[in-house]
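Below is start19.pdb, which holds PDB, C-alpha atoms.
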MODEL        1
ATOM      1  CA  MET T   1     111.327 -15.656 -20.460
ATOM      2  CA  LYS T   2     107.932 -16.390 -21.820
ATOM      3  CA  GLN T   3     105.180 -13.934 -21.034
ATOM      4  CA  ARG T   4     102.208 -15.467 -19.391
ATOM      5  CA  GLN T   5      99.006 -15.325 -21.509
ATOM      6  CA  PRO T   6      95.947 -13.842 -19.743
ATOM      7  CA  SER T   7      93.329 -16.445 -19.072
ATOM      8  CA  ASN T   8      89.851 -16.114 -20.631
ATOM      9  CA  ARG T   9      88.223 -17.628 -17.567
ATOM     10  CA  GLN T  10      86.424 -15.077 -15.403
ATOM     11  CA  PRO T  11      86.744 -15.349 -11.705
ATOM     12  CA  THR T  12      83.677 -16.804 -10.144
ATOM     13  CA  ASN T  13      82.408 -16.993  -6.623
ATOM     14  CA  ARG T  14      79.721 -18.829  -4.779
ATOM     15  CA  ARG T  15      77.067 -16.112  -5.324
ATOM     16  CA  ALA T  16      77.499 -16.063  -9.081
ATOM     17  CA  ARG T  17      77.391 -19.824  -9.181
ATOM     18  CA  ASP T  18      74.108 -19.844  -7.212
ATOM     19  CA  GLN T  19      72.567 -17.274  -9.548
ATOM     20  CA  ARG T  20      73.371 -19.392 -12.563
ATOM     21  CA  GLN T  21      71.741 -22.374 -10.929
ATOM     22  CA  ARG T  22      68.526 -20.480 -10.005
ATOM     23  CA  GLY T  23      68.411 -18.337 -13.095
ATOM     24  CA  THR T  24      69.953 -14.918 -13.298
ATOM     25  CA  GLN T  25      67.710 -11.995 -12.178
ATOM     26  CA  GLN T  26      68.292  -8.536 -13.471
ATOM     27  CA  PRO T  27      68.323  -5.648 -11.007
ATOM     28  CA  GLY T  28      64.953  -3.863 -10.682
ATOM     29  CA  GLU T  29      62.887  -6.910 -11.578
ATOM     30  CA  SER T  30      60.322  -8.114  -9.046
ATOM     31  CA  GLN T  31      59.619 -11.654  -8.238
ATOM     32  CA  PRO T  32      56.534 -12.891 -10.138
ATOM     33  CA  ARG T  33      53.515 -13.519  -7.984
ATOM     34  CA  LYS T  34      52.010 -16.902  -7.888
ATOM     35  CA  ALA T  35      48.673 -17.046  -9.666
ATOM     36  CA  GLN T  36      47.328 -19.488  -7.231
ATOM     37  CA  GLY T  37      48.291 -20.254  -3.734
ATOM     38  CA  ASN T  38      47.116 -20.690  -0.242
ATOM     39  CA  PRO T  39      45.650 -17.557   1.418
ATOM     40  CA  GLY T  40      47.706 -15.730   3.962
ATOM     41  CA  LYS T  41      47.223 -15.935   7.654
ATOM     42  CA  GLY T  42      44.983 -12.821   7.773
ATOM     43  CA  GLN T  43      42.955 -13.640   4.680
ATOM     44  CA  ALA T  44      39.927 -15.887   4.485
ATOM     45  CA  PRO T  45      39.183 -17.954   1.428
ATOM     46  CA  ASN T  46      36.494 -16.605  -0.911
ATOM     47  CA  ARG T  47      33.695 -19.083  -0.469
ATOM     48  CA  LYS T  48      31.359 -17.372  -2.945
ATOM     49  CA  SER T  49      33.833 -17.797  -5.794
ATOM     50  CA  GLN T  50      34.776 -21.335  -4.769
ATOM     51  CA  GLY T  51      31.126 -22.397  -4.326
ATOM     52  CA  GLN T  52      31.777 -24.068  -1.004
ATOM     53  CA  PRO T  53      28.856 -25.014   1.252
ATOM     54  CA  GLY T  54      27.648 -22.260   3.553
ATOM     55  CA  SER T  55      27.983 -19.441   1.030
ATOM     56  CA  LYS T  56      24.950 -17.161   0.595
ATOM     57  CA  GLN T  57      23.548 -17.400  -2.889
ATOM     58  CA  PRO T  58      21.862 -14.258  -4.355
ATOM     59  CA  ARG T  59      18.074 -14.390  -4.110
ATOM     60  CA  PRO T  60      15.991 -14.130  -7.282
ATOM     61  CA  ALA T  61      14.550 -10.745  -8.205
ATOM     62  CA  GLN T  62      10.994 -11.897  -7.613
ATOM     63  CA  ALA T  63      11.828 -13.177  -4.138
ATOM     64  CA  GLN T  64      13.383  -9.845  -3.197
ATOM     65  CA  GLU T  65      10.162  -7.932  -3.901
ATOM     66  CA  ARG T  66       8.527  -6.935  -0.647
ATOM     67  CA  GLU T  67       4.970  -8.073  -0.139
ATOM     68  CA  PRO T  68       2.390  -5.591   1.236
ATOM     69  CA  ARG T  69       2.090  -5.557   4.984
ATOM     70  CA  TRP T  70      -1.017  -6.946   6.610
ATOM     71  CA  THR T  71      -1.828  -3.476   7.962
ATOM     72  CA  GLN T  72      -1.949  -2.070   4.439
ATOM     73  CA  THR T  73      -4.420  -4.738   3.388
ATOM     74  CA  TRP T  74      -6.511  -4.365   6.535
ATOM     75  CA  LEU T  75      -6.699  -0.564   6.539
ATOM     76  CA  GLY T  76      -6.995   0.002   2.810
ATOM     77  CA  GLY T  77      -9.113  -3.043   1.957
ATOM     78  CA  THR T  78      -8.470  -5.551  -0.776
ATOM     79  CA  ARG T  79      -7.956  -2.794  -3.346
ATOM     80  CA  SER T  80      -4.701  -1.784  -1.584
ATOM     81  CA  ALA T  81      -3.450  -5.355  -2.021
ATOM     82  CA  GLY T  82      -3.688  -5.020  -5.800
ATOM     83  CA  VAL T  83      -6.969  -6.904  -6.279
ATOM     84  CA  ASP T  84      -9.029  -5.533  -9.165
ATOM     85  CA  LEU T  85     -12.645  -5.350  -7.989
ATOM     86  CA  GLY T  86     -13.903  -2.987 -10.668
ATOM     87  CA  TYR T  87     -15.492   0.388 -10.031
ATOM     88  CA  PRO T  88     -18.121   0.814  -7.271
ATOM     89  CA  GLY T  89     -21.520  -0.323  -8.523
ATOM     90  CA  GLU T  90     -20.228  -2.383 -11.442
ATOM     91  CA  ARG T  91     -21.570  -5.669 -10.126
ATOM     92  CA  LEU T  92     -24.936  -3.932  -9.477
ATOM     93  CA  GLY T  93     -25.222  -2.948 -13.116
ATOM     94  CA  LEU T  94     -24.763   0.776 -12.422
ATOM     95  CA  PRO T  95     -22.718   3.124 -14.629
ATOM     96  CA  GLN T  96     -19.285   4.242 -13.557
ATOM     97  CA  ASP T  97     -20.000   7.984 -13.830
ATOM     98  CA  GLY T  98     -22.871  10.311 -14.458
ATOM     99  CA  PRO T  99     -26.562   9.960 -13.475
ATOM    100  CA  GLY T 100     -27.334   6.631 -11.845
ATOM    101  CA  ALA T 101     -23.753   6.048 -10.645
ATOM    102  CA  VAL T 102     -22.972   5.348  -6.989
ATOM    103  CA  ALA T 103     -22.808   8.594  -5.022
ATOM    104  CA  GLY T 104     -19.500   9.343  -3.359
ATOM    105  CA  PHE T 105     -18.923   9.789   0.349
ATOM    106  CA  GLY T 106     -18.482  13.546   0.016
ATOM    107  CA  ARG T 107     -21.962  14.014  -1.385
ATOM    108  CA  ARG T 108     -23.609  11.781   1.208
ATOM    109  CA  ILE T 109     -21.816  13.304   4.198
ATOM    110  CA  GLY T 110     -22.683  16.785   2.977
ATOM    111  CA  ALA T 111     -26.354  15.831   2.582
ATOM    112  CA  ILE T 112     -26.519  14.346   6.096
ATOM    113  CA  LEU T 113     -24.924  17.453   7.635
ATOM    114  CA  VAL T 114     -27.426  19.729   5.898
ATOM    115  CA  ASP T 115     -30.361  17.583   7.006
ATOM    116  CA  TRP T 116     -29.047  17.396  10.569
ATOM    117  CA  MET T 117     -28.625  21.187  10.807
ATOM    118  CA  ILE T 118     -32.153  21.721   9.495
ATOM    119  CA  CYS T 119     -33.669  19.214  11.932
ATOM    120  CA  THR T 120     -31.759  20.331  15.050
ATOM    121  CA  TRP T 121     -31.307  24.072  14.626
ATOM    122  CA  ALA T 122     -34.109  25.173  12.333
ATOM    123  CA  ILE T 123     -36.874  22.864  13.580
ATOM    124  CA  ALA T 124     -35.972  21.609  17.080
ATOM    125  CA  ARG T 125     -34.599  24.883  18.450
ATOM    126  CA  GLY T 126     -36.234  27.337  16.060
ATOM    127  CA  ILE T 127     -39.796  26.039  15.825
ATOM    128  CA  PHE T 128     -40.142  23.873  18.963
ATOM    129  CA  GLN T 129     -37.961  26.177  21.095
ATOM    130  CA  ALA T 130     -36.165  23.166  22.579
ATOM    131  CA  SER T 131     -33.392  23.690  25.108
ATOM    132  CA  PRO T 132     -29.815  22.758  24.191
ATOM    133  CA  GLN T 133     -30.109  19.617  26.341
ATOM    134  CA  ASP T 134     -33.296  18.473  24.598
ATOM    135  CA  ALA T 135     -32.367  19.648  21.101
ATOM    136  CA  SER T 136     -30.296  16.504  20.404
ATOM    137  CA  TRP T 137     -32.998  13.873  20.887
ATOM    138  CA  ILE T 138     -35.767  16.118  19.496
ATOM    139  CA  GLY T 139     -33.591  16.793  16.464
ATOM    140  CA  MET T 140     -33.018  13.044  16.060
ATOM    141  CA  ALA T 141     -36.776  12.410  16.129
ATOM    142  CA  VAL T 142     -37.386  15.147  13.562
ATOM    143  CA  PHE T 143     -34.524  13.776  11.450
ATOM    144  CA  ALA T 144     -36.018  10.266  11.430
ATOM    145  CA  ALA T 145     -39.532  11.537  10.654
ATOM    146  CA  ALA T 146     -38.263  13.713   7.801
ATOM    147  CA  TYR T 147     -36.263  10.830   6.366
ATOM    148  CA  ILE T 148     -39.232   8.458   6.398
ATOM    149  CA  LEU T 149     -41.566  11.038   4.878
ATOM    150  CA  LEU T 150     -39.298  12.525   2.214
ATOM    151  CA  VAL T 151     -37.329   9.420   1.169
ATOM    152  CA  GLY T 152     -40.498   7.298   1.217
ATOM    153  CA  THR T 153     -42.274   9.671  -1.158
ATOM    154  CA  LEU T 154     -39.624  11.578  -3.127
ATOM    155  CA  GLY T 155     -36.613   9.329  -2.688
ATOM    156  CA  MET T 156     -34.524  12.217  -1.305
ATOM    157  CA  THR T 157     -34.307  14.756   1.494
ATOM    158  CA  LEU T 158     -33.532  18.462   1.251
ATOM    159  CA  GLY T 159     -29.839  17.823   1.770
ATOM    160  CA  MET T 160     -29.839  15.068  -0.865
ATOM    161  CA  ARG T 161     -31.549  17.387  -3.321
ATOM    162  CA  LEU T 162     -28.911  20.021  -2.672
ATOM    163  CA  PHE T 163     -26.069  17.561  -3.371
ATOM    164  CA  LYS T 164     -27.946  15.883  -6.262
ATOM    165  CA  ILE T 165     -28.305  12.347  -4.933
ATOM    166  CA  ARG T 166     -31.264  10.092  -4.195
ATOM    167  CA  ILE T 167     -32.024   6.736  -2.565
ATOM    168  CA  ALA T 168     -33.115   3.987  -4.961
ATOM    169  CA  ALA T 169     -33.741   0.277  -4.923
ATOM    170  CA  LEU T 170     -31.222  -1.998  -6.616
ATOM    171  CA  ASP T 171     -33.344  -2.033  -9.781
ATOM    172  CA  GLY T 172     -33.454   1.787  -9.843
ATOM    173  CA  SER T 173     -37.056   2.116  -8.688
ATOM    174  CA  GLN T 174     -38.469   3.896  -5.654
ATOM    175  CA  PRO T 175     -37.694   1.978  -2.413
ATOM    176  CA  THR T 176     -40.613   0.514  -0.482
ATOM    177  CA  LEU T 177     -41.802   1.923   2.826
ATOM    178  CA  LEU T 178     -40.415  -1.082   4.707
ATOM    179  CA  ALA T 179     -37.004  -0.545   3.138
ATOM    180  CA  VAL T 180     -37.099   3.139   4.096
ATOM    181  CA  LEU T 181     -38.008   2.276   7.701
ATOM    182  CA  ILE T 182     -35.143  -0.223   7.998
ATOM    183  CA  ARG T 183     -32.672   2.162   6.409
ATOM    184  CA  THR T 184     -33.702   5.100   8.601
ATOM    185  CA  PHE T 185     -33.522   3.084  11.826
ATOM    186  CA  LEU T 186     -30.016   1.788  11.098
ATOM    187  CA  LEU T 187     -28.891   5.208   9.902
ATOM    188  CA  CYS T 188     -29.907   6.760  13.242
ATOM    189  CA  LEU T 189     -27.688   4.211  14.997
ATOM    190  CA  ALA T 190     -24.749   5.707  13.023
ATOM    191  CA  VAL T 191     -22.485   2.641  13.354
ATOM    192  CA  PRO T 192     -24.022   0.532  10.527
ATOM    193  CA  ALA T 193     -23.565   3.436   8.116
ATOM    194  CA  LEU T 194     -19.815   3.449   8.820
ATOM    195  CA  ILE T 195     -19.350  -0.182   7.724
ATOM    196  CA  TRP T 196     -19.454  -0.305   3.940
ATOM    197  CA  ASP T 197     -18.641  -2.724   1.146
ATOM    198  CA  ARG T 198     -16.785  -2.373  -2.146
ATOM    199  CA  ASP T 199     -19.858  -0.725  -3.748
ATOM    200  CA  GLN T 200     -19.768   1.977  -1.021
ATOM    201  CA  ARG T 201     -22.998   0.720   0.508
ATOM    202  CA  GLY T 202     -23.291   0.755   4.278
ATOM    203  CA  LEU T 203     -24.967  -1.926   6.329
ATOM    204  CA  HIS T 204     -28.151   0.177   6.391
ATOM    205  CA  ASP T 205     -28.254   0.103   2.577
ATOM    206  CA  ARG T 206     -27.483  -3.615   2.416
ATOM    207  CA  ALA T 207     -30.191  -4.464   4.939
ATOM    208  CA  ALA T 208     -32.742  -2.298   3.139
ATOM    209  CA  GLY T 209     -31.684  -3.318  -0.367
ATOM    210  CA  THR T 210     -31.030   0.285  -1.424
ATOM    211  CA  VAL T 211     -28.203   2.334  -2.859
ATOM    212  CA  ALA T 212     -27.413   6.074  -2.994
ATOM    213  CA  VAL T 213     -27.043   7.196  -6.622
ATOM    214  CA  ARG T 214     -26.455  10.478  -8.412
ATOM    215  CA  LEU T 215     -29.219  12.443 -10.065
TER     216      LEU T 215
ENDMDL
END

Let me see the structure of the file written as structure tokens.
Amino acid sequence: MKQRQPSNRQPTNRRARDQRQRGTQQPGESQPRKAQGNPGKGQAPNRKSQGQPGSKQPRPAQAQEREPRWTQTWLGGTRSAGVDLGYPGERLGLPQDGPGAVAGFGRRIGAILVDWMICTWAIARGIFQASPQDASWIGMAVFAAAYILLVGTLGMTLGMRLFKIRIAALDGSQPTLLAVLIRTFLLCLAVPALIWDRDQRGLHDRAAGTVAVRL
């Protein structure tokens, strides 16, 4: 009898045949992900990257800068809004510092307090022996009289001399008597002195054409 030769053909089945048709996959290998495809059910398309209408474009750097609030401009004046107006007294031809420069608020408030204490306590209550109820209006009358007399002749009061300031006309000369009268009247009203311009001159100085300068 003849021995039967073993066949070189390997047994195949349906699974092996399907793998050959699709391409054989080794164990442990993962299916490659598709580079592009439709988003899943729970994912939304990226509109920014696709540039579709409705996407928010980044604002320019200059547009993102916040502008100053209107309260900052109103309370702090135009200087708080970044407007360069120069130093106080520059447009009047006055120096920025030293003798002849515009006197600061600290000096002027200190001079007024000294003059007021002298007129009310030293003169009204000390010399005239006024009662506490009458000391206010008597002190105001003495204050106005002292201002007209001393500023009209010397250009300064005792308090101004102590804080080294004086009242001068815009050209630096001694103010006229009419200017001193106008300035003193508005100063006694108090309110005009609280409204000032960029040169730190109150309404009483603007109406009288004067300015408070350093000695």

Next item on the list: Grab the CA of Arg166 (chain T) to CA of Arg214 (chain T) distance for me, in Å with one decimal place.
Entry: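 Between CA of Arg166 (chain T) and CA of Arg214 (chain T) the gap is 6.4 Å.
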
Notebook entry, point to check: Could you work out how far CA of Gly126 (chain T) lies from CA of Thr184 (chain T), giving the answer in Å with one decimal?
Noted result: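 Calculated distance between CA of Thr184 (chain T) and CA of Gly126 (chain T) is 23.6 Å.
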
Checklist line | T:Leu186, T:Ala141, T:Leu194, T:Ile148 ranked by distance to Ala207 (chain T), top pick (using all atoms listed in the file) | finding: T:Leu186

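Between CA of Met140 (chain T) and CA of Thr153 (chain T) there is a distance of 19.8 Å.
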
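When the PyMOL selection byres ((chain T and resi 198) around 10) is evaluated on the file shown here, the picked residues come out as Gly77, Thr78, Arg79, Leu85, Gly86, Tyr87, Pro88, Gly89, Glu90, Arg91, Trp196, Asp197, Asp199, Gln200, Arg201 and Gly202 of chain T.
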
Note to self: For this structure, which residues satisfy the selection - the PyMOL selection byres ((chain T and resi 181) around 10) - when it is evaluated on the file as given? I want them as a list of chain:residue names.
What the structure shows: T:Ala144, T:Ala145, T:Tyr147, T:Ile148, T:Leu149, T:Val151, T:Gly152, T:Thr176, T:Leu177, T:Leu178, T:Ala179, T:Val180, T:Ile182, T:Arg183, T:Thr184, T:Phe185, T:Leu186, T:Leu187, T:Ala208

Margin query: Take the PyMOL selection byres ((chain T and resi 121) around 12), run it mentally on this structure, and tell me the resulting residues as number ranges by chain.
Written below: T: 113-120, 122-132, 134-136, 138-140, 142-143

Next item on the list: Rank T:Ala146, T:Leu170, T:Leu94, T:Met156 by their smallest atom-to-atom distance to Asp205 (chain T), using all atoms listed in the file, and report the top residue only.
Entry: T:Leu170

Next item on the list: Skip Gly155 (chain T) itself and residues of its chain fewer than 5 positions away, then list as a PyMOL selection string all residues within 8 Å of it, counting all atoms listed in the file.
Entry: chain T and resi 150+166-168+174-175

So that all listed atoms of region 202-209 of chain T fit with 6 Å spare on each side, what axis-aligned box centre and edge lengths in Å, to one decimal, would you give as JSON?
{"center_x": -28.0, "center_y": -1.9, "center_z": 3.0, "size_x": 21.5, "size_y": 17.2, "size_z": 18.8}
